[in-house]
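Coordinates as given in start.pdb (PDB, C-alpha atoms, pLDDT in the B column):
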ATOM      1  CA  PRO A 209     129.715 103.297 -12.000  1.00 40.00           C
ATOM      2  CA  PRO A 210     127.384 103.208  -8.981  1.00 39.00           C
ATOM      3  CA  GLY A 211     127.437  99.923  -7.122  1.00 37.00           C
ATOM      4  CA  TYR A 212     130.608  98.657  -8.843  1.00 37.00           C
ATOM      5  CA  THR A 213     133.606  97.910  -6.615  1.00 39.00           C
ATOM      6  CA  VAL A 214     137.067  97.747  -8.141  1.00 41.00           C
ATOM      7  CA  LYS A 215     139.015  94.759  -6.828  1.00 43.00           C
ATOM      8  CA  SER A 216     141.873  95.690  -4.501  1.00 42.00           C
ATOM      9  CA  SER A 217     144.614  94.282  -6.723  1.00 44.00           C
ATOM     10  CA  VAL A 218     143.236  96.177  -9.711  1.00 47.00           C
ATOM     11  CA  ARG A 219     143.071  99.336  -7.592  1.00 44.00           C
ATOM     12  CA  ARG A 220     146.765  98.910  -6.822  1.00 43.00           C
ATOM     13  CA  ILE A 221     147.504  98.545 -10.531  1.00 48.00           C
ATOM     14  CA  LEU A 222     145.620 101.715 -11.379  1.00 47.00           C
ATOM     15  CA  MET A 223     147.194 103.677  -8.531  1.00 42.00           C
ATOM     16  CA  GLY A 224     150.605 102.571  -9.750  1.00 43.00           C
ATOM     17  CA  LEU A 225     150.164 103.953 -13.245  1.00 48.00           C
ATOM     18  CA  CYS A 226     152.197 106.994 -14.179  1.00 43.00           C
ATOM     19  CA  GLY A 227     150.270 110.281 -14.098  1.00 42.00           C
ATOM     20  CA  ARG A 228     149.983 110.639 -17.869  1.00 43.00           C
ATOM     21  CA  ALA A 229     148.654 107.111 -18.382  1.00 50.00           C
ATOM     22  CA  ARG A 230     146.254 107.358 -15.434  1.00 48.00           C
ATOM     23  CA  ASN A 231     144.865 110.692 -16.632  1.00 52.00           C
ATOM     24  CA  ASN A 232     144.440 109.366 -20.179  1.00 56.00           C
ATOM     25  CA  LEU A 233     142.664 106.252 -18.862  1.00 60.00           C
ATOM     26  CA  ILE A 234     140.151 108.390 -16.964  1.00 61.00           C
ATOM     27  CA  MET A 235     139.405 110.437 -20.080  1.00 71.00           C
ATOM     28  CA  LEU A 236     138.636 107.414 -22.260  1.00 82.00           C
ATOM     29  CA  LYS A 237     135.128 106.055 -22.783  1.00 87.00           C
ATOM     30  CA  PRO A 238     134.109 103.422 -20.190  1.00 88.00           C
ATOM     31  CA  CYS A 239     134.463  99.770 -21.116  1.00 89.00           C
ATOM     32  CA  ASN A 240     131.415  97.827 -22.251  1.00 90.00           C
ATOM     33  CA  PRO A 241     129.461  97.142 -19.022  1.00 91.00           C
ATOM     34  CA  ILE A 242     128.944  93.473 -19.879  1.00 93.00           C
ATOM     35  CA  LEU A 243     132.640  93.048 -19.040  1.00 95.00           C
ATOM     36  CA  TRP A 244     131.849  93.700 -15.364  1.00 92.00           C
ATOM     37  CA  GLU A 245     130.655  90.080 -15.307  1.00 93.00           C
ATOM     38  CA  LEU A 246     134.299  88.970 -15.476  1.00 95.00           C
ATOM     39  CA  ASP A 247     136.261  88.824 -12.203  1.00 93.00           C
ATOM     40  CA  LEU A 248     138.750  86.113 -13.246  1.00 93.00           C
ATOM     41  CA  ARG A 249     139.948  84.794 -16.572  1.00 94.00           C
ATOM     42  CA  LEU A 250     138.780  81.336 -15.515  1.00 96.00           C
ATOM     43  CA  GLU A 251     135.268  82.718 -16.021  1.00 97.00           C
ATOM     44  CA  ILE A 252     135.914  83.386 -19.718  1.00 97.00           C
ATOM     45  CA  PRO A 253     134.302  80.127 -20.990  1.00 98.00           C
ATOM     46  CA  LEU A 254     131.091  80.869 -19.070  1.00 97.00           C
ATOM     47  CA  PHE A 255     131.077  84.428 -20.430  1.00 97.00           C
ATOM     48  CA  LEU A 256     131.505  83.120 -23.985  1.00 98.00           C
ATOM     49  CA  ASN A 257     128.640  80.646 -23.517  1.00 98.00           C
ATOM     50  CA  MET A 258     126.323  83.252 -22.015  1.00 97.00           C
ATOM     51  CA  HIS A 259     126.883  85.704 -24.852  1.00 97.00           C
ATOM     52  CA  GLY A 260     126.689  83.237 -27.723  1.00 97.00           C
ATOM     53  CA  LEU A 261     130.377  83.498 -28.608  1.00 98.00           C
ATOM     54  CA  LEU A 262     130.672  79.931 -29.860  1.00 98.00           C
ATOM     55  CA  GLY A 263     132.506  80.441 -33.151  1.00 98.00           C
ATOM     56  CA  PRO A 264     136.252  80.094 -33.820  1.00 98.00           C
ATOM     57  CA  CYS A 265     138.509  81.343 -31.036  1.00 98.00           C
ATOM     58  CA  VAL A 266     142.276  81.750 -30.609  1.00 98.00           C
ATOM     59  CA  GLU A 267     144.718  81.551 -27.730  1.00 98.00           C
ATOM     60  CA  VAL A 268     148.079  83.168 -28.524  1.00 98.00           C
ATOM     61  CA  GLY A 269     150.796  81.877 -26.221  1.00 96.00           C
ATOM     62  CA  VAL A 270     149.832  78.391 -25.110  1.00 96.00           C
ATOM     63  CA  LEU A 271     152.825  76.997 -23.199  1.00 94.00           C
ATOM     64  CA  LYS A 272     151.554  73.738 -21.613  1.00 97.00           C
ATOM     65  CA  ALA A 273     147.935  74.377 -22.685  1.00 98.00           C
ATOM     66  CA  THR A 274     146.524  74.202 -19.163  1.00 97.00           C
ATOM     67  CA  PHE A 275     144.371  77.283 -19.768  1.00 97.00           C
ATOM     68  CA  SER A 276     143.475  75.959 -23.221  1.00 98.00           C
ATOM     69  CA  ALA A 277     142.202  72.745 -21.643  1.00 98.00           C
ATOM     70  CA  HIS A 278     140.096  74.752 -19.183  1.00 98.00           C
ATOM     71  CA  ILE A 279     138.527  76.736 -22.029  1.00 98.00           C
ATOM     72  CA  LEU A 280     137.774  73.625 -24.067  1.00 98.00           C
ATOM     73  CA  LYS A 281     136.292  71.793 -21.092  1.00 98.00           C
ATOM     74  CA  GLU A 282     133.919  74.592 -20.041  1.00 98.00           C
ATOM     75  CA  TRP A 283     133.165  76.294 -23.369  1.00 98.00           C
ATOM     76  CA  ASN A 284     130.443  75.030 -25.725  1.00 98.00           C
ATOM     77  CA  GLY A 285     132.023  76.428 -28.866  1.00 97.00           C
ATOM     78  CA  SER A 286     133.346  74.949 -32.078  1.00 95.00           C
ATOM     79  CA  LYS A 287     137.135  75.288 -32.236  1.00 98.00           C
ATOM     80  CA  LEU A 288     140.057  76.789 -30.344  1.00 98.00           C
ATOM     81  CA  TYR A 289     143.238  77.525 -32.279  1.00 98.00           C
ATOM     82  CA  LEU A 290     146.342  77.220 -30.096  1.00 98.00           C
ATOM     83  CA  VAL A 291     149.077  79.515 -31.410  1.00 98.00           C
ATOM     84  CA  ASP A 292     152.627  79.102 -30.104  1.00 96.00           C
ATOM     85  CA  PRO A 293     155.949  78.847 -31.996  1.00 96.00           C
ATOM     86  CA  TYR A 294     157.545  76.554 -29.382  1.00 95.00           C
ATOM     87  CA  LYS A 295     160.866  78.071 -30.295  1.00 90.00           C
ATOM     88  CA  LYS A 296     163.805  79.271 -28.192  1.00 82.00           C
ATOM     89  CA  TYR A 297     164.696  82.933 -28.772  1.00 74.00           C
ATOM     90  CA  ASP A 298     167.654  85.079 -27.894  1.00 75.00           C
ATOM     91  CA  GLN A 299     166.999  86.938 -24.642  1.00 74.00           C
ATOM     92  CA  SER A 300     167.139  90.250 -26.499  1.00 69.00           C
ATOM     93  CA  VAL A 301     163.972  89.133 -28.308  1.00 71.00           C
ATOM     94  CA  TYR A 302     162.177  87.178 -25.566  1.00 71.00           C
ATOM     95  CA  PHE A 303     163.320  87.509 -21.966  1.00 68.00           C
ATOM     96  CA  ASP A 304     161.114  85.252 -19.833  1.00 72.00           C
ATOM     97  CA  SER A 305     161.362  81.974 -17.936  1.00 71.00           C
ATOM     98  CA  ALA A 306     159.101  80.320 -20.539  1.00 77.00           C
ATOM     99  CA  ASN A 307     161.927  80.835 -23.041  1.00 69.00           C
ATOM    100  CA  ASP A 308     164.260  78.688 -20.903  1.00 77.00           C
ATOM    101  CA  ALA A 309     162.115  75.559 -21.093  1.00 83.00           C
ATOM    102  CA  ASP A 310     162.671  72.594 -23.400  1.00 89.00           C
ATOM    103  CA  GLN A 311     160.354  73.732 -26.186  1.00 91.00           C
ATOM    104  CA  GLU A 312     159.786  70.318 -27.755  1.00 95.00           C
ATOM    105  CA  ALA A 313     158.930  68.773 -24.379  1.00 96.00           C
ATOM    106  CA  THR A 314     156.609  71.666 -23.592  1.00 96.00           C
ATOM    107  CA  MET A 315     154.796  71.204 -26.909  1.00 96.00           C
ATOM    108  CA  ARG A 316     154.353  67.483 -26.300  1.00 97.00           C
ATOM    109  CA  GLU A 317     152.895  68.190 -22.870  1.00 98.00           C
ATOM    110  CA  ALA A 318     150.550  70.795 -24.371  1.00 98.00           C
ATOM    111  CA  ARG A 319     149.295  68.361 -26.984  1.00 98.00           C
ATOM    112  CA  GLY A 320     148.703  65.760 -24.297  1.00 98.00           C
ATOM    113  CA  ASN A 321     146.723  68.207 -22.177  1.00 98.00           C
ATOM    114  CA  VAL A 322     144.197  68.860 -24.956  1.00 98.00           C
ATOM    115  CA  SER A 323     144.269  65.463 -26.666  1.00 97.00           C
ATOM    116  CA  GLY A 324     140.837  64.589 -25.330  1.00 97.00           C
ATOM    117  CA  PHE A 325     139.146  67.427 -27.216  1.00 98.00           C
ATOM    118  CA  GLY A 326     139.792  66.079 -30.704  1.00 97.00           C
ATOM    119  CA  ALA A 327     139.348  68.448 -33.633  1.00 97.00           C
ATOM    120  CA  ARG A 328     138.102  71.249 -31.363  1.00 98.00           C
ATOM    121  CA  ALA A 329     141.780  71.947 -30.521  1.00 98.00           C
ATOM    122  CA  GLU A 330     144.084  72.838 -33.422  1.00 98.00           C
ATOM    123  CA  PHE A 331     147.715  73.827 -32.935  1.00 98.00           C
ATOM    124  CA  MET A 332     149.375  76.483 -35.083  1.00 98.00           C
ATOM    125  CA  ARG A 333     153.132  76.325 -34.470  1.00 98.00           C
ATOM    126  CA  MET A 334     154.067  79.860 -35.441  1.00 97.00           C
ATOM    127  CA  GLU A 335     154.308  83.356 -34.006  1.00 96.00           C
ATOM    128  CA  GLY A 336     151.145  85.268 -33.259  1.00 97.00           C
ATOM    129  CA  VAL A 337     151.465  87.931 -35.950  1.00 98.00           C
ATOM    130  CA  GLU A 338     152.124  85.271 -38.597  1.00 98.00           C
ATOM    131  CA  ALA A 339     149.116  83.254 -37.429  1.00 98.00           C
ATOM    132  CA  ALA A 340     146.815  86.301 -37.483  1.00 98.00           C
ATOM    133  CA  ALA A 341     147.416  86.643 -41.221  1.00 98.00           C
ATOM    134  CA  LYS A 342     145.806  83.210 -41.723  1.00 98.00           C
ATOM    135  CA  PHE A 343     142.395  84.456 -40.544  1.00 98.00           C
ATOM    136  CA  GLU A 344     139.838  86.659 -42.262  1.00 98.00           C
ATOM    137  CA  ASP A 345     138.946  89.988 -40.714  1.00 98.00           C
ATOM    138  CA  ASN A 346     135.830  89.974 -38.497  1.00 98.00           C
ATOM    139  CA  SER A 347     135.927  86.178 -38.178  1.00 98.00           C
ATOM    140  CA  LEU A 348     136.810  85.352 -34.548  1.00 98.00           C
ATOM    141  CA  ASP A 349     134.590  85.350 -31.454  1.00 98.00           C
ATOM    142  CA  PHE A 350     137.427  85.401 -28.909  1.00 98.00           C
ATOM    143  CA  VAL A 351     141.185  86.035 -28.854  1.00 98.00           C
ATOM    144  CA  HIS A 352     143.377  85.733 -25.753  1.00 98.00           C
ATOM    145  CA  ILE A 353     146.985  87.003 -25.922  1.00 97.00           C
ATOM    146  CA  ASP A 354     149.496  85.610 -23.409  1.00 94.00           C
ATOM    147  CA  SER A 355     152.789  85.253 -25.261  1.00 90.00           C
ATOM    148  CA  ASN A 356     155.849  87.534 -25.482  1.00 87.00           C
ATOM    149  CA  HIS A 357     155.028  90.261 -22.936  1.00 86.00           C
ATOM    150  CA  SER A 358     157.479  92.904 -24.155  1.00 91.00           C
ATOM    151  CA  TYR A 359     155.904  96.212 -25.150  1.00 94.00           C
ATOM    152  CA  ARG A 360     156.943  95.803 -28.776  1.00 94.00           C
ATOM    153  CA  ALA A 361     155.730  92.205 -29.159  1.00 94.00           C
ATOM    154  CA  CYS A 362     152.459  92.720 -27.292  1.00 95.00           C
ATOM    155  CA  SER A 363     151.657  95.876 -29.272  1.00 97.00           C
ATOM    156  CA  ALA A 364     152.324  94.051 -32.550  1.00 97.00           C
ATOM    157  CA  GLU A 365     150.067  91.137 -31.595  1.00 97.00           C
ATOM    158  CA  ILE A 366     147.247  93.413 -30.453  1.00 98.00           C
ATOM    159  CA  ALA A 367     147.445  95.302 -33.752  1.00 98.00           C
ATOM    160  CA  ALA A 368     147.462  92.048 -35.749  1.00 98.00           C
ATOM    161  CA  TRP A 369     144.571  90.324 -33.965  1.00 98.00           C
ATOM    162  CA  TRP A 370     142.130  93.183 -33.326  1.00 98.00           C
ATOM    163  CA  PRO A 371     140.923  93.344 -36.971  1.00 98.00           C
ATOM    164  CA  LYS A 372     140.262  89.593 -36.869  1.00 98.00           C
ATOM    165  CA  MET A 373     137.665  90.019 -34.113  1.00 98.00           C
ATOM    166  CA  ARG A 374     134.021  90.045 -35.080  1.00 97.00           C
ATOM    167  CA  TYR A 375     131.869  92.822 -33.688  1.00 96.00           C
ATOM    168  CA  GLY A 376     130.730  91.873 -30.189  1.00 97.00           C
ATOM    169  CA  GLY A 377     133.659  89.476 -29.754  1.00 98.00           C
ATOM    170  CA  LEU A 378     135.831  89.253 -26.634  1.00 98.00           C
ATOM    171  CA  PHE A 379     139.444  90.439 -26.973  1.00 98.00           C
ATOM    172  CA  SER A 380     141.679  89.780 -23.990  1.00 97.00           C
ATOM    173  CA  GLY A 381     145.084  88.975 -22.583  1.00 97.00           C
ATOM    174  CA  HIS A 382     147.008  88.296 -19.415  1.00 93.00           C
ATOM    175  CA  ASP A 383     149.588  89.998 -17.162  1.00 88.00           C
ATOM    176  CA  PHE A 384     148.451  93.622 -17.217  1.00 91.00           C
ATOM    177  CA  TYR A 385     151.548  95.038 -15.541  1.00 83.00           C
ATOM    178  CA  THR A 386     155.091  96.272 -16.115  1.00 82.00           C
ATOM    179  CA  ARG A 387     157.857  94.091 -14.672  1.00 76.00           C
ATOM    180  CA  LYS A 388     161.528  94.258 -15.576  1.00 75.00           C
ATOM    181  CA  GLN A 389     163.377  92.331 -12.832  1.00 75.00           C
ATOM    182  CA  ASP A 390     163.114  88.797 -14.227  1.00 73.00           C
ATOM    183  CA  THR A 391     161.332  89.380 -17.528  1.00 74.00           C
ATOM    184  CA  ASP A 392     160.839  92.102 -20.125  1.00 71.00           C
ATOM    185  CA  SER A 393     157.126  92.637 -19.503  1.00 76.00           C
ATOM    186  CA  ASP A 394     155.227  95.822 -20.332  1.00 87.00           C
ATOM    187  CA  VAL A 395     151.773  94.618 -21.281  1.00 92.00           C
ATOM    188  CA  LEU A 396     150.304  97.440 -19.208  1.00 93.00           C
ATOM    189  CA  ASN A 397     151.537 100.224 -21.476  1.00 93.00           C
ATOM    190  CA  ALA A 398     150.916  98.240 -24.657  1.00 95.00           C
ATOM    191  CA  VAL A 399     147.256  97.807 -23.648  1.00 96.00           C
ATOM    192  CA  LEU A 400     146.863 101.419 -22.499  1.00 94.00           C
ATOM    193  CA  ASP A 401     148.314 102.735 -25.754  1.00 95.00           C
ATOM    194  CA  PHE A 402     145.884 100.531 -27.679  1.00 96.00           C
ATOM    195  CA  ALA A 403     143.036 101.785 -25.468  1.00 95.00           C
ATOM    196  CA  ASP A 404     144.000 105.343 -26.462  1.00 94.00           C
ATOM    197  CA  LYS A 405     143.707 104.408 -30.131  1.00 95.00           C
ATOM    198  CA  ILE A 406     140.203 102.942 -29.789  1.00 96.00           C
ATOM    199  CA  ASP A 407     139.101 105.460 -27.122  1.00 94.00           C
ATOM    200  CA  THR A 408     137.877 102.790 -24.699  1.00 94.00           C
ATOM    201  CA  ARG A 409     139.095 101.836 -21.247  1.00 93.00           C
ATOM    202  CA  PRO A 410     140.133  98.221 -20.731  1.00 94.00           C
ATOM    203  CA  HIS A 411     138.360  96.124 -18.145  1.00 95.00           C
ATOM    204  CA  VAL A 412     140.990  94.663 -15.811  1.00 93.00           C
ATOM    205  CA  CYS A 413     140.013  91.789 -13.562  1.00 90.00           C
ATOM    206  CA  ASN A 414     141.402  90.410 -10.331  1.00 84.00           C
ATOM    207  CA  CYS A 415     143.963  88.089 -11.973  1.00 88.00           C
ATOM    208  CA  SER A 416     145.599  90.921 -13.981  1.00 91.00           C
ATOM    209  CA  SER A 417     143.799  89.969 -17.193  1.00 94.00           C
ATOM    210  CA  TRP A 418     142.554  92.698 -19.533  1.00 96.00           C
ATOM    211  CA  PHE A 419     139.479  92.746 -21.773  1.00 97.00           C
ATOM    212  CA  PHE A 420     137.765  94.671 -24.551  1.00 97.00           C
ATOM    213  CA  VAL A 421     134.577  93.956 -26.481  1.00 97.00           C
ATOM    214  CA  LYS A 422     134.837  94.792 -30.190  1.00 96.00           C
ATOM    215  CA  PRO A 423     132.251  97.575 -30.717  1.00 91.00           C
TER     216      PRO A 423
END

Exercise: express the given structure as structure tokens:
Amino acid sequence: PPGYTVKSSVRRILMGLCGRARNNLIMLKPCNPILWELDLRLEIPLFLNMHGLLGPCVEVGVLKATFSAHILKEWNGSKLYLVDPYKKYDQSVYFDSANDADQEATMREARGNVSGFGARAEFMRMEGVEAAAKFEDNSLDFVHIDSNHSYRACSAEIAAWWPKMRYGGLFSGHDFYTRKQDTDSDVLNAVLDFADKIDTRPHVCNCSSWFFVKP
């Protein structure tokens, strides 16, 4: 759109897409223009406050809960559910450095990082798809997915959580790229395939986070 400058790192992402994906992305409907307010995922709490998204929210893939603590500190909303199984997987299922950590120690550190927020922070020690089944459709103001980044896992979590979003809610995730050297990450194609299904381009910000608003 006129007057809108794509950040250089995002431009590199888009230029790196394969021809089919790039052409499909151009053909999709533009993202909701209110998403242009977001340049970094650290701005998410302010965005939620500004748009009255103060109801239940979910972060899928918590690790040490440093981002969770940032959300809870800056966001004026009611409750953030922190979903993470804190479980070691075979590398054929989850190939990432986060899988190498001591899961019990990581969970204890996560709980400590959000202990000051009381009942506003609630842990759900389970996988994302399992946790999604615990929520009613159209009930969540915000969901952020940052867990198993494989194409299969990310696609399954997107499919599970999208119906749980209320209309006008913010649906997002992290690491919008494909990387295979040290991890099995293909969030980029999982998000683009989902964008095809809903006929809407994702908004991608400068920290490789992706966003949709539920229409």

key: Chain and number of each residue from the PyMOL selection byres ((chain A and resi 245) around 12), as a VMD selection string   = chain A and resid 212 239 to 244 246 to 252 254 to 256 258 to 259 411 to 414 419

task = May I ask which of the residues A:Phe350, A:Trp418, A:Trp370, A:Tyr375 is the closest one to A:Ile406, counting only C-alpha atoms?
result = A:Trp370

query = When the PyMOL selection byres ((chain A and resi 387-404) around 8) is applied to the file above, which residues end up in the set, as a PyMOL selection string?
reply = chain A and resi 229+232-233+236+302-305+356-360+362-363+366+383-386+405-410

request  = Take the PyMOL selection byres ((chain A and resi 371) around 10), apply it to the structure above, and return the hits as an NGL selection string.
outcome  = :A and (340 or 343-348 or 366-370 or 372-375 or 422)

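Atom pair atom CA of A:Ile353 / atom CA of A:Val301 has a distance of 17.3 Å (rounded to one decimal).
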
ask   = Do you know which residues are at most 7 Å from A:Val421 counting all atoms listed in the file, after dropping those on the same chain fewer than 3 positions away, and could you put them as a PyMOL selection string?
value = chain A and resi 240+376-379

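The two atoms in question, atom CA of A:Pro293 and atom CA of A:Leu261, are spaced 26.2 Å apart.
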
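If you measure from each of A:Phe420, A:Phe275, A:Tyr297, A:Trp283 to A:Ala318 using only C-alpha atoms, the closest one turns out to be A:Phe275.
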
request  = Check the smallest atom-to-atom distance from each of A:Ala329, A:Val270, A:Cys415, A:Met315 to A:Tyr289 using all atoms listed in the file, then report the winner.
outcome  = A:Ala329

note = Atom pair atom CA of A:Met334 + atom CA of A:Leu288, distance 15.2 Å

Enclose all atoms of stretch 385-403 of chain A listed in the file in an axis-aligned box, grow every side by 3 Å, and hand back centre and edge lengths in Å to one decimal, as JSON.
{"center_x": 153.2, "center_y": 95.8, "center_z": -20.3, "size_x": 26.3, "size_y": 19.9, "size_z": 20.8}

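With only C-alpha atoms as the basis for measurement, A:Glu330 is the residue among A:Glu312, A:Glu317, A:Glu330, A:Glu365 that approaches A:Lys287 most closely.
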
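The shortest atom-to-atom distance to A:Val266, with all atoms listed in the file taken into account, belongs to A:Val351 out of A:Val351, A:Ala364, A:Ala339, A:Ala327.
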
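With all atoms listed in the file as the atoms that count, the residue of A:Ala277, A:Met235, A:Leu262, A:Lys272 with the shortest distance to A:Arg316 is A:Lys272.
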
Could you list as a PDB file with C-alpha atoms, in the frame of the given file every residue that has an atom within 6 Å of (149.8, 83.8, -29.3), using the file's coordinates and counting all atoms listed in the file?
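Result saved to out.pdb:
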ATOM      1  CA  GLU A 267     144.718  81.551 -27.730  1.00 98.00           C
ATOM      2  CA  VAL A 268     148.079  83.168 -28.524  1.00 98.00           C
ATOM      3  CA  GLY A 269     150.796  81.877 -26.221  1.00 96.00           C
ATOM      4  CA  VAL A 291     149.077  79.515 -31.410  1.00 98.00           C
ATOM      5  CA  ASP A 292     152.627  79.102 -30.104  1.00 96.00           C
ATOM      6  CA  GLY A 336     151.145  85.268 -33.259  1.00 97.00           C
ATOM      7  CA  ILE A 353     146.985  87.003 -25.922  1.00 97.00           C
ATOM      8  CA  SER A 355     152.789  85.253 -25.261  1.00 90.00           C
TER       9      SER A 355
END
